[in-house]
$ cat query-v1.pdb   # PDB, C-alpha atoms
ATOM      1  CA  MET D   1      -9.439  -4.539  23.036
ATOM      2  CA  SER D   2     -11.097  -6.430  25.875
ATOM      3  CA  ARG D   3      -8.958  -9.462  25.119
ATOM      4  CA  ILE D   4      -5.832  -7.377  25.626
ATOM      5  CA  HIS D   5      -7.111  -5.942  28.895
ATOM      6  CA  ASP D   6      -8.209  -9.345  30.220
ATOM      7  CA  ALA D   7      -4.790 -10.791  29.408
ATOM      8  CA  LEU D   8      -3.032  -7.902  31.132
ATOM      9  CA  THR D   9      -5.162  -8.263  34.235
ATOM     10  CA  LYS D  10      -4.509 -12.009  34.352
ATOM     11  CA  ALA D  11      -0.762 -11.448  33.948
ATOM     12  CA  GLU D  12      -0.759  -8.925  36.785
ATOM     13  CA  GLN D  13      -2.592 -11.326  39.071
ATOM     14  CA  GLU D  14      -0.516 -14.403  38.234
ATOM     15  CA  THR D  15       2.960 -12.858  38.099
ATOM     16  CA  PRO D  16       3.750 -10.475  40.954
ATOM     17  CA  PRO D  17       6.333  -8.086  39.499
ATOM     18  CA  SER D  18       9.633  -7.371  41.151
ATOM     19  CA  LEU D  19       9.852  -3.625  40.809
ATOM     20  CA  SER D  20      11.322  -0.673  42.626
ATOM     21  CA  ALA D  21      10.290   2.526  44.312
ATOM     22  CA  GLY D  22      13.017   5.093  44.166
ATOM     23  CA  LEU D  23      16.303   3.231  44.331
ATOM     24  CA  GLN D  24      15.034   0.274  46.336
ATOM     25  CA  PRO D  25      13.020  -2.746  45.128
ATOM     26  CA  ALA D  26       9.409  -2.786  46.200
ATOM     27  CA  THR D  27       6.339  -4.887  45.558
ATOM     28  CA  ALA D  28       3.903  -3.405  43.042
ATOM     29  CA  PRO D  29       0.306  -2.897  44.145
ATOM     30  CA  ASP D  30      -2.163  -5.563  43.114
ATOM     31  CA  ALA D  31      -3.676  -4.884  39.716
ATOM     32  CA  SER D  32      -7.203  -3.544  39.949
ATOM     33  CA  PRO D  33      -9.568  -4.615  37.166
ATOM     34  CA  LEU D  34     -10.853  -1.685  35.117
ATOM     35  CA  GLY D  35     -14.357  -3.079  34.811
ATOM     36  CA  ALA D  36     -15.773  -3.197  31.311
ATOM     37  CA  GLY D  37     -13.240  -0.712  30.015
ATOM     38  CA  ASP D  38      -9.954  -1.413  28.347
ATOM     39  CA  PHE D  39      -6.966   0.894  28.468
ATOM     40  CA  PRO D  40      -7.763   4.472  29.346
ATOM     41  CA  VAL D  41      -8.577   6.512  26.253
ATOM     42  CA  ARG D  42      -7.165   9.995  26.622
ATOM     43  CA  PRO D  43      -7.253  13.056  24.402
ATOM     44  CA  TRP D  44      -4.282  13.332  22.068
ATOM     45  CA  THR D  45      -3.308  16.331  19.956
ATOM     46  CA  PRO D  46      -0.601  14.934  17.644
ATOM     47  CA  ASP D  47       1.967  17.365  16.278
ATOM     48  CA  PRO D  48       1.475  17.318  12.464
ATOM     49  CA  ALA D  49       4.885  18.885  11.907
ATOM     50  CA  ARG D  50       6.677  15.953  13.518
ATOM     51  CA  LEU D  51       4.295  13.020  13.017
ATOM     52  CA  ILE D  52       4.458  12.881   9.263
ATOM     53  CA  PHE D  53       3.435   9.354   8.397
ATOM     54  CA  THR D  54       0.171   8.733   6.604
ATOM     55  CA  ASP D  55      -1.082   6.198   4.072
ATOM     56  CA  SER D  56      -3.078   8.960   2.395
ATOM     57  CA  PRO D  57      -0.650  11.640   1.199
ATOM     58  CA  SER D  58      -3.494  13.570  -0.418
ATOM     59  CA  THR D  59      -5.328  14.061   2.879
ATOM     60  CA  PRO D  60      -5.937  17.814   3.339
ATOM     61  CA  GLY D  61      -3.558  19.285   5.875
ATOM     62  CA  THR D  62      -1.257  16.273   5.855
ATOM     63  CA  LEU D  63       1.346  17.439   3.352
ATOM     64  CA  GLY D  64       2.481  20.957   2.702
ATOM     65  CA  ALA D  65       2.745  22.564  -0.707
ATOM     66  CA  GLY D  66       5.820  22.884  -2.875
ATOM     67  CA  SER D  67       9.231  21.481  -1.976
ATOM     68  CA  ALA D  68       8.304  20.940   1.683
ATOM     69  CA  GLY D  69       5.408  18.720   0.639
ATOM     70  CA  ARG D  70       7.598  16.745  -1.753
ATOM     71  CA  GLU D  71      10.212  16.235   0.946
ATOM     72  CA  GLU D  72       7.567  14.994   3.352
ATOM     73  CA  ALA D  73       6.182  12.634   0.720
ATOM     74  CA  ARG D  74       9.672  11.197   0.220
ATOM     75  CA  ALA D  75      10.015  10.802   3.964
ATOM     76  CA  ILE D  76       6.770   8.848   4.065
ATOM     77  CA  GLU D  77       8.028   6.543   1.318
ATOM     78  CA  GLN D  78      11.255   5.947   3.227
ATOM     79  CA  LEU D  79       9.275   4.996   6.328
ATOM     80  CA  ARG D  80       7.252   2.568   4.248
ATOM     81  CA  SER D  81      10.508   1.130   2.943
ATOM     82  CA  LEU D  82      11.838   0.710   6.473
ATOM     83  CA  ARG D  83       8.594  -0.988   7.477
ATOM     84  CA  SER D  84       8.804  -3.372   4.512
ATOM     85  CA  ARG D  85      12.381  -4.345   5.285
ATOM     86  CA  VAL D  86      11.548  -5.021   8.903
ATOM     87  CA  TYR D  87       8.615  -7.159   7.763
ATOM     88  CA  GLN D  88      11.012  -9.187   5.623
ATOM     89  CA  LEU D  89      13.229  -9.878   8.615
ATOM     90  CA  HIS D  90      10.187 -10.636  10.748
ATOM     91  CA  ALA D  91       9.437 -13.541   8.414
ATOM     92  CA  LYS D  92      12.887 -14.999   9.125
ATOM     93  CA  MET D  93      13.386 -14.422  12.851
ATOM     94  CA  PRO D  94      11.507 -13.585  16.059
ATOM     95  CA  LEU D  95      11.025  -9.840  15.762
ATOM     96  CA  HIS D  96       8.362  -8.146  17.862
ATOM     97  CA  SER D  97      10.125  -5.642  20.125
ATOM     98  CA  ILE D  98      12.448  -3.069  18.541
ATOM     99  CA  LEU D  99      14.526  -0.555  20.467
ATOM    100  CA  VAL D 100      15.315   2.734  18.725
ATOM    101  CA  SER D 101      18.400   4.493  20.022
ATOM    102  CA  SER D 102      21.264   6.745  18.950
ATOM    103  CA  ALA D 103      24.840   7.394  19.902
ATOM    104  CA  LEU D 104      24.244  10.928  21.147
ATOM    105  CA  GLY D 105      21.346  13.278  21.759
ATOM    106  CA  GLY D 106      19.730  15.331  19.017
ATOM    107  CA  GLU D 107      19.946  12.699  16.274
ATOM    108  CA  GLY D 108      16.207  12.163  15.835
ATOM    109  CA  LYS D 109      15.597   8.830  17.558
ATOM    110  CA  THR D 110      12.295   9.982  19.114
ATOM    111  CA  PHE D 111      11.090  11.252  15.736
ATOM    112  CA  ILE D 112      11.970   7.927  14.088
ATOM    113  CA  SER D 113      10.447   5.889  16.943
ATOM    114  CA  ALA D 114       7.125   7.697  16.716
ATOM    115  CA  ASN D 115       6.820   7.681  12.947
ATOM    116  CA  PHE D 116       7.963   4.074  12.581
ATOM    117  CA  ALA D 117       5.305   3.041  15.110
ATOM    118  CA  LEU D 118       2.734   5.036  13.152
ATOM    119  CA  ALA D 119       3.803   3.290   9.967
ATOM    120  CA  LEU D 120       3.183  -0.085  11.598
ATOM    121  CA  ALA D 121      -0.168   0.971  13.064
ATOM    122  CA  LYS D 122      -1.351   2.268   9.690
ATOM    123  CA  GLN D 123      -1.261  -1.300   8.404
ATOM    124  CA  LYS D 124      -3.681  -2.396  11.131
ATOM    125  CA  ARG D 125      -0.977  -3.905  13.316
ATOM    126  CA  LYS D 126      -1.588  -3.499  17.044
ATOM    127  CA  THR D 127       1.413  -1.374  17.967
ATOM    128  CA  LEU D 128       2.600  -0.278  21.393
ATOM    129  CA  LEU D 129       4.989   2.663  21.577
ATOM    130  CA  ILE D 130       6.957   2.832  24.837
ATOM    131  CA  ASP D 131       8.881   5.880  25.980
ATOM    132  CA  ALA D 132      11.778   4.192  27.760
ATOM    133  CA  ASP D 133      13.808   7.400  27.974
ATOM    134  CA  LEU D 134      13.251   7.875  31.693
ATOM    135  CA  ARG D 135      15.688  10.788  31.938
ATOM    136  CA  LYS D 136      14.407  13.078  29.175
ATOM    137  CA  PRO D 137      11.088  11.718  27.861
ATOM    138  CA  GLY D 138       9.594  13.286  24.761
ATOM    139  CA  LEU D 139       7.101  10.972  23.041
ATOM    140  CA  HIS D 140       4.103  12.338  24.944
ATOM    141  CA  GLN D 141       4.909  15.792  23.553
ATOM    142  CA  LEU D 142       4.792  14.552  19.954
ATOM    143  CA  PHE D 143       1.369  13.014  20.520
ATOM    144  CA  GLY D 144       0.031  15.745  22.771
ATOM    145  CA  ALA D 145      -0.654  12.997  25.302
ATOM    146  CA  ALA D 146      -0.661  12.868  29.080
ATOM    147  CA  PRO D 147       2.909  12.343  30.361
ATOM    148  CA  GLY D 148       1.872   9.783  32.951
ATOM    149  CA  PRO D 149       1.362   7.544  34.678
ATOM    150  CA  GLY D 150       3.946   5.664  32.693
ATOM    151  CA  LEU D 151       6.858   3.262  32.718
ATOM    152  CA  THR D 152       8.495   4.937  35.719
ATOM    153  CA  GLU D 153       5.396   4.494  37.860
ATOM    154  CA  TYR D 154       5.054   0.857  36.821
ATOM    155  CA  LEU D 155       8.675   0.039  37.567
ATOM    156  CA  ALA D 156       8.403   1.883  40.878
ATOM    157  CA  GLY D 157       5.391  -0.205  41.858
ATOM    158  CA  ALA D 158       2.984   2.737  41.872
ATOM    159  CA  ALA D 159       0.753   1.601  38.969
ATOM    160  CA  GLY D 160      -0.241  -1.531  37.087
ATOM    161  CA  LEU D 161       0.319  -2.164  33.399
ATOM    162  CA  ALA D 162      -3.298  -1.479  32.464
ATOM    163  CA  GLU D 163      -2.995   1.972  34.058
ATOM    164  CA  VAL D 164       0.130   3.093  32.224
ATOM    165  CA  ILE D 165      -0.943   2.227  28.668
ATOM    166  CA  GLN D 166      -3.202   4.762  26.990
ATOM    167  CA  GLY D 167      -5.108   4.781  23.760
ATOM    168  CA  GLY D 168      -5.819   7.948  21.853
ATOM    169  CA  SER D 169      -7.005   9.280  18.530
ATOM    170  CA  ILE D 170      -4.883   6.978  16.331
ATOM    171  CA  GLU D 171      -6.296   3.559  15.512
ATOM    172  CA  ASN D 172      -4.143   0.518  16.378
ATOM    173  CA  LEU D 173      -1.626   2.623  18.289
ATOM    174  CA  TRP D 174      -1.160   2.659  22.058
ATOM    175  CA  LEU D 175       1.314   4.678  24.075
ATOM    176  CA  MET D 176       3.126   3.952  27.318
ATOM    177  CA  PRO D 177       4.658   7.300  28.302
ATOM    178  CA  ALA D 178       7.781   7.452  30.400
ATOM    179  CA  GLY D 179       6.087   9.005  33.396
ATOM    180  CA  ALA D 180       7.991  11.186  35.823
ATOM    181  CA  PRO D 181      11.679  11.645  34.895
ATOM    182  CA  VAL D 182      14.033   9.941  37.349
ATOM    183  CA  PRO D 183      17.779  10.158  38.028
ATOM    184  CA  ASN D 184      18.082   6.436  38.782
ATOM    185  CA  ALA D 185      16.837   5.120  35.441
ATOM    186  CA  ALA D 186      19.467   2.367  35.167
ATOM    187  CA  GLU D 187      18.464   0.962  38.549
ATOM    188  CA  LEU D 188      14.768   0.961  37.625
ATOM    189  CA  LEU D 189      15.410  -0.732  34.279
ATOM    190  CA  GLY D 190      17.967  -3.269  35.508
ATOM    191  CA  ASN D 191      17.691  -6.663  37.154
ATOM    192  CA  GLN D 192      15.418  -7.998  34.397
ATOM    193  CA  ARG D 193      12.622  -5.554  35.249
ATOM    194  CA  ILE D 194      12.243  -4.290  31.679
ATOM    195  CA  ALA D 195      12.406  -7.903  30.498
ATOM    196  CA  GLY D 196       9.438  -8.669  32.715
ATOM    197  CA  VAL D 197       7.464  -5.816  31.175
ATOM    198  CA  LEU D 198       8.136  -7.016  27.633
ATOM    199  CA  GLU D 199       7.398 -10.627  28.529
ATOM    200  CA  LYS D 200       3.881  -9.620  29.577
ATOM    201  CA  LEU D 201       3.249  -7.263  26.683
ATOM    202  CA  THR D 202       4.717  -9.147  23.714
ATOM    203  CA  PRO D 203       1.798 -11.604  23.358
ATOM    204  CA  LEU D 204      -0.694  -8.719  23.392
ATOM    205  CA  PHE D 205       0.629  -6.576  20.559
ATOM    206  CA  ASP D 206       1.892  -7.234  17.058
ATOM    207  CA  TRP D 207       4.751  -4.773  17.518
ATOM    208  CA  ILE D 208       6.416  -2.984  20.414
ATOM    209  CA  VAL D 209       8.627   0.004  19.601
ATOM    210  CA  LEU D 210      10.735   1.495  22.394
ATOM    211  CA  ASP D 211      12.380   4.909  22.375
ATOM    212  CA  SER D 212      15.402   5.098  24.673
ATOM    213  CA  SER D 213      18.118   7.412  25.901
ATOM    214  CA  PRO D 214      21.236   7.835  23.740
ATOM    215  CA  VAL D 215      23.574   4.931  24.400
ATOM    216  CA  LEU D 216      26.897   6.716  24.888
ATOM    217  CA  PRO D 217      26.102   9.178  27.717
ATOM    218  CA  VAL D 218      24.228   6.618  29.875
ATOM    219  CA  SER D 219      23.818   2.834  30.035
ATOM    220  CA  ASP D 220      19.997   2.720  29.912
ATOM    221  CA  ALA D 221      19.672   1.814  26.221
ATOM    222  CA  ALA D 222      22.201  -1.025  26.452
ATOM    223  CA  ILE D 223      20.292  -2.456  29.420
ATOM    224  CA  ILE D 224      16.965  -2.330  27.556
ATOM    225  CA  ALA D 225      18.463  -3.766  24.356
ATOM    226  CA  ARG D 226      19.288  -7.062  26.080
ATOM    227  CA  SER D 227      15.559  -7.699  26.472
ATOM    228  CA  CYS D 228      14.481  -6.572  22.978
ATOM    229  CA  ASP D 229      14.482  -8.567  19.782
ATOM    230  CA  ALA D 230      16.469  -5.964  17.865
ATOM    231  CA  VAL D 231      17.880  -2.435  17.751
ATOM    232  CA  LEU D 232      17.641   0.341  15.174
ATOM    233  CA  LEU D 233      20.459   2.849  15.539
ATOM    234  CA  VAL D 234      19.633   6.397  14.402
ATOM    235  CA  THR D 235      22.361   8.716  13.141
ATOM    236  CA  ARG D 236      22.124  12.264  11.775
ATOM    237  CA  ALA D 237      23.755  13.004   8.457
ATOM    238  CA  GLU D 238      26.743  15.347   8.615
ATOM    239  CA  VAL D 239      26.390  15.568  12.415
ATOM    240  CA  THR D 240      27.056  12.213  14.080
ATOM    241  CA  PRO D 241      30.809  11.511  14.273
ATOM    242  CA  TYR D 242      31.847   8.255  12.674
ATOM    243  CA  ASP D 243      33.696   7.088  15.797
ATOM    244  CA  SER D 244      30.615   7.784  17.933
ATOM    245  CA  VAL D 245      28.552   5.408  15.796
ATOM    246  CA  GLN D 246      31.278   2.780  16.081
ATOM    247  CA  ARG D 247      31.287   3.129  19.867
ATOM    248  CA  ALA D 248      27.492   2.960  19.938
ATOM    249  CA  GLN D 249      27.610  -0.289  17.972
ATOM    250  CA  HIS D 250      30.030  -1.667  20.511
ATOM    251  CA  GLU D 251      27.656  -0.754  23.350
ATOM    252  CA  PHE D 252      25.009  -2.875  21.616
ATOM    253  CA  ARG D 253      27.349  -5.840  21.117
ATOM    254  CA  GLU D 254      24.985  -8.094  23.104
ATOM    255  CA  ALA D 255      21.999  -7.131  20.950
ATOM    256  CA  ARG D 256      20.917  -7.728  17.355
ATOM    257  CA  VAL D 257      21.503  -4.470  15.496
ATOM    258  CA  LEU D 258      19.270  -4.391  12.422
ATOM    259  CA  GLY D 259      21.011  -1.417  10.901
ATOM    260  CA  LEU D 260      21.349   2.346  10.732
ATOM    261  CA  VAL D 261      18.644   4.891  10.072
ATOM    262  CA  LEU D 262      20.251   7.947   8.479
ATOM    263  CA  ASN D 263      18.194  10.934   9.566
ATOM    264  CA  GLY D 264      18.237  14.430   8.085
ATOM    265  CA  ALA D 265      20.098  13.663   4.859
ATOM    266  CA  THR D 266      19.510  16.139   2.045
ATOM    267  CA  ALA D 267      22.236  15.182  -0.424
ATOM    268  CA  PRO D 268      21.055  13.878  -3.828
ATOM    269  CA  GLY D 269      20.467  10.146  -3.744
ATOM    270  CA  HIS D 270      19.817   9.973  -0.011
ATOM    271  CA  GLY D 271      16.047  10.219  -0.457
ATOM    272  CA  ALA D 272      14.047  11.985   2.213
ATOM    273  CA  TYR D 273      14.313  15.218   4.141
ATOM    274  CA  TYR D 274      13.322  13.885   7.542
ATOM    275  CA  TYR D 275      14.300  10.252   7.173
ATOM    276  CA  ALA D 276      16.746   9.269   4.525
ATOM    277  CA  GLY D 277      17.837   5.721   3.943
ATOM    278  CA  TYR D 278      20.155   3.268   5.636
ATOM    279  CA  GLY D 279      23.709   2.233   6.345
ATOM    280  CA  TYR D 280      22.856  -1.466   6.792
ATOM    281  CA  GLY D 281      26.276  -2.921   6.234
ATOM    282  CA  LYS D 282      26.720  -1.235   2.865
ATOM    283  CA  GLY D 283      29.915   0.533   3.836
ATOM    284  CA  LYS D 284      30.771   3.872   5.327
ATOM    285  CA  THR D 285      28.080   6.548   5.005
ATOM    286  CA  ARG D 286      28.919  10.233   5.259
ATOM    287  CA  GLY D 287      29.017  11.147   8.929
ATOM    288  CA  THR D 288      27.996   7.674  10.060
ATOM    289  CA  ALA D 289      29.219   4.096  10.285
ATOM    290  CA  PRO D 290      27.717   0.891   8.844
ATOM    291  CA  ALA D 291      25.947  -1.494  11.198
ATOM    292  CA  ASN D 292      28.167  -4.507  10.856
ATOM    293  CA  GLY D 293      31.141  -6.120  12.498
ATOM    294  CA  ASN D 294      29.959  -5.899  16.096
ATOM    295  CA  GLY D 295      27.212  -7.705  17.951
ATOM    296  CA  LYS D 296      24.583  -9.551  15.950
ATOM    297  CA  ALA D 297      24.160  -7.029  13.158
ATOM    298  CA  VAL D 298      21.800  -7.939  10.355
ATOM    299  CA  GLY D 299      21.965  -6.183   7.005
ATOM    300  CA  LEU D 300      18.644  -4.964   5.681
TER     301      LEU D 300
END

$ encode --input "query-v1.pdb" --output "structure tokens"
Amino acid sequence: MSRIHDALTKAEQETPPSLSAGLQPATAPDASPLGAGDFPVRPWTPDPARLIFTDSPSTPGTLGAGSAGREEARAIEQLRSLRSRVYQLHAKMPLHSILVSSALGGEGKTFISANFALALAKQKRKTLLIDADLRKPGLHQLFGAAPGPGLTEYLAGAAGLAEVIQGGSIENLWLMPAGAPVPNAAELLGNQRIAGVLEKLTPLFDWIVLDSSPVLPVSDAAIIARSCDAVLLVTRAEVTPYDSVQRAQHEFREARVLGLVLNGATAPGHGAYYYAGYGYGKGKTRGTAPANGNGKAVGL
């Protein structure tokens, strides 16, 4: 922990960030050492109904009884499968920062972001979860965590990196909340500012998972994707229009799209209730499109 904090403090002192306050660039305040402490540890009250991942399915209170419990167990196995496939790609290519996005709102990207990060942390990988949805943040609600200071305050020059990353009750998992919602998210994220954040943080964590705004209504996710190693595109079974997924792929044409996460599928053969398998270049999936043909898509 102290190694991470010392590295953050050194990065803040050696590399003055070019950030913004409001719509105009501003110089961030000098980083203040936190003494002997590391990142602030704050009380979290995770939502057990939405944070389903655990490596101990038999833990009391973790899984419900009956069909609901079986569905949740299948969801956990699907998350483990996703984690394993990402590990396989990690062995073949640089893969540390992963953006999770969707074509439209309401497809479950925040749910997938949080539980995928939990799946990584459960294997003792230092994992940072960043809420990069600066317009409608939601990760802090899933974890019952303080909403700020967060990414907005850092990009606006009002806080240093060590102030906007918080630890909580989950081992190996850290959270950077979005902070105060802003209307000028694209301006805050642009001009390589998010790239500067990831450049400082990538050496300090094994994995960085970013939740973003949907890519079709606003440009934020496409901006962030240019600085990330890869993108996971979440779609909701029987809800997401096929052409919307195609257009979302096109928006990520400058990024490496790992594949599709099909959320909410209940049809036989799809697997889980919450999280249910992949498109991954296998052909058209009901309600969704495969992740191939545009950008740097990689089949899992």

$ closest_residue --input "query-v1.pdb" --among "D:Ala162, D:Leu232, D:Ile224, D:Leu142" --to "D:Gly259" --atoms "all atoms listed in the file"
D:Leu232

$ atom_distance --input "query-v1.pdb" --atom1 "atom CA of D:His250" --atom2 "atom CA of D:Ala186"
18.5 Å

$ atom_distance --input "query-v1.pdb" --atom1 "atom CA of D:Leu188" --atom2 "atom CA of D:Arg226"
14.8 Å

$ closest_residue --input "query-v1.pdb" --among "D:Gly264, D:Leu201, D:Leu120, D:Ala156" --to "D:Thr235" --atoms "only C-alpha atoms"
D:Gly264

$ resolve_selection --input "query-v1.pdb" --expression "the PyMOL selection byres ((chain D and resi 88-91) around 12)" --output "PyMOL selection string"
chain D and resi 81-87+92-98+206-207+229-230+256+258-259+298-300

$ residues_around --input "query-v1.pdb" --residues "D:Pro43" --least-positions-apart "6" --cutoff "8 Å" --atoms "only C-alpha atoms" --output "number ranges by chain"
D: 144-145, 168-169

$ atom_distance --input "query-v1.pdb" --atom1 "atom CA of D:Ile170" --atom2 "atom CA of D:Pro149"
19.4 Å

$ resolve_selection --input "query-v1.pdb" --expression "the PyMOL selection byres ((chain D and resi 154) around 9)" --output "JSON, numbers by chain"
{"D": [19, 20, 28, 149, 150, 151, 152, 153, 155, 156, 157, 158, 159, 160, 161, 163, 164, 179]}

$ residues_around --input "query-v1.pdb" --residues "stretch 123-138 of chain D" --least-positions-apart "5" --cutoff "7 Å" --atoms "all atoms listed in the file" --output "number ranges by chain"
D: 117, 152, 172-178, 181-183, 185, 205-213

$ write_last_selection --input "query-v1.pdb" --atoms "C-alpha atoms" --output "PDB file, in the coordinates of the input"
ATOM      1  CA  ALA D 117       5.305   3.041  15.110  1.00  0.00           C
ATOM      2  CA  THR D 152       8.495   4.937  35.719  1.00  0.00           C
ATOM      3  CA  ASN D 172      -4.143   0.518  16.378  1.00  0.00           C
ATOM      4  CA  LEU D 173      -1.626   2.623  18.289  1.00  0.00           C
ATOM      5  CA  TRP D 174      -1.160   2.659  22.058  1.00  0.00           C
ATOM      6  CA  LEU D 175       1.314   4.678  24.075  1.00  0.00           C
ATOM      7  CA  MET D 176       3.126   3.952  27.318  1.00  0.00           C
ATOM      8  CA  PRO D 177       4.658   7.300  28.302  1.00  0.00           C
ATOM      9  CA  ALA D 178       7.781   7.452  30.400  1.00  0.00           C
ATOM     10  CA  PRO D 181      11.679  11.645  34.895  1.00  0.00           C
ATOM     11  CA  VAL D 182      14.033   9.941  37.349  1.00  0.00           C
ATOM     12  CA  PRO D 183      17.779  10.158  38.028  1.00  0.00           C
ATOM     13  CA  ALA D 185      16.837   5.120  35.441  1.00  0.00           C
ATOM     14  CA  PHE D 205       0.629  -6.576  20.559  1.00  0.00           C
ATOM     15  CA  ASP D 206       1.892  -7.234  17.058  1.00  0.00           C
ATOM     16  CA  TRP D 207       4.751  -4.773  17.518  1.00  0.00           C
ATOM     17  CA  ILE D 208       6.416  -2.984  20.414  1.00  0.00           C
ATOM     18  CA  VAL D 209       8.627   0.004  19.601  1.00  0.00           C
ATOM     19  CA  LEU D 210      10.735   1.495  22.394  1.00  0.00           C
ATOM     20  CA  ASP D 211      12.380   4.909  22.375  1.00  0.00           C
ATOM     21  CA  SER D 212      15.402   5.098  24.673  1.00  0.00           C
ATOM     22  CA  SER D 213      18.118   7.412  25.901  1.00  0.00           C
TER      23      SER D 213
END

$ resolve_selection --input "query-v1.pdb" --expression "the PyMOL selection byres ((chain D and resi 40) around 6)" --output "PyMOL selection string"
chain D and resi 39+41+166
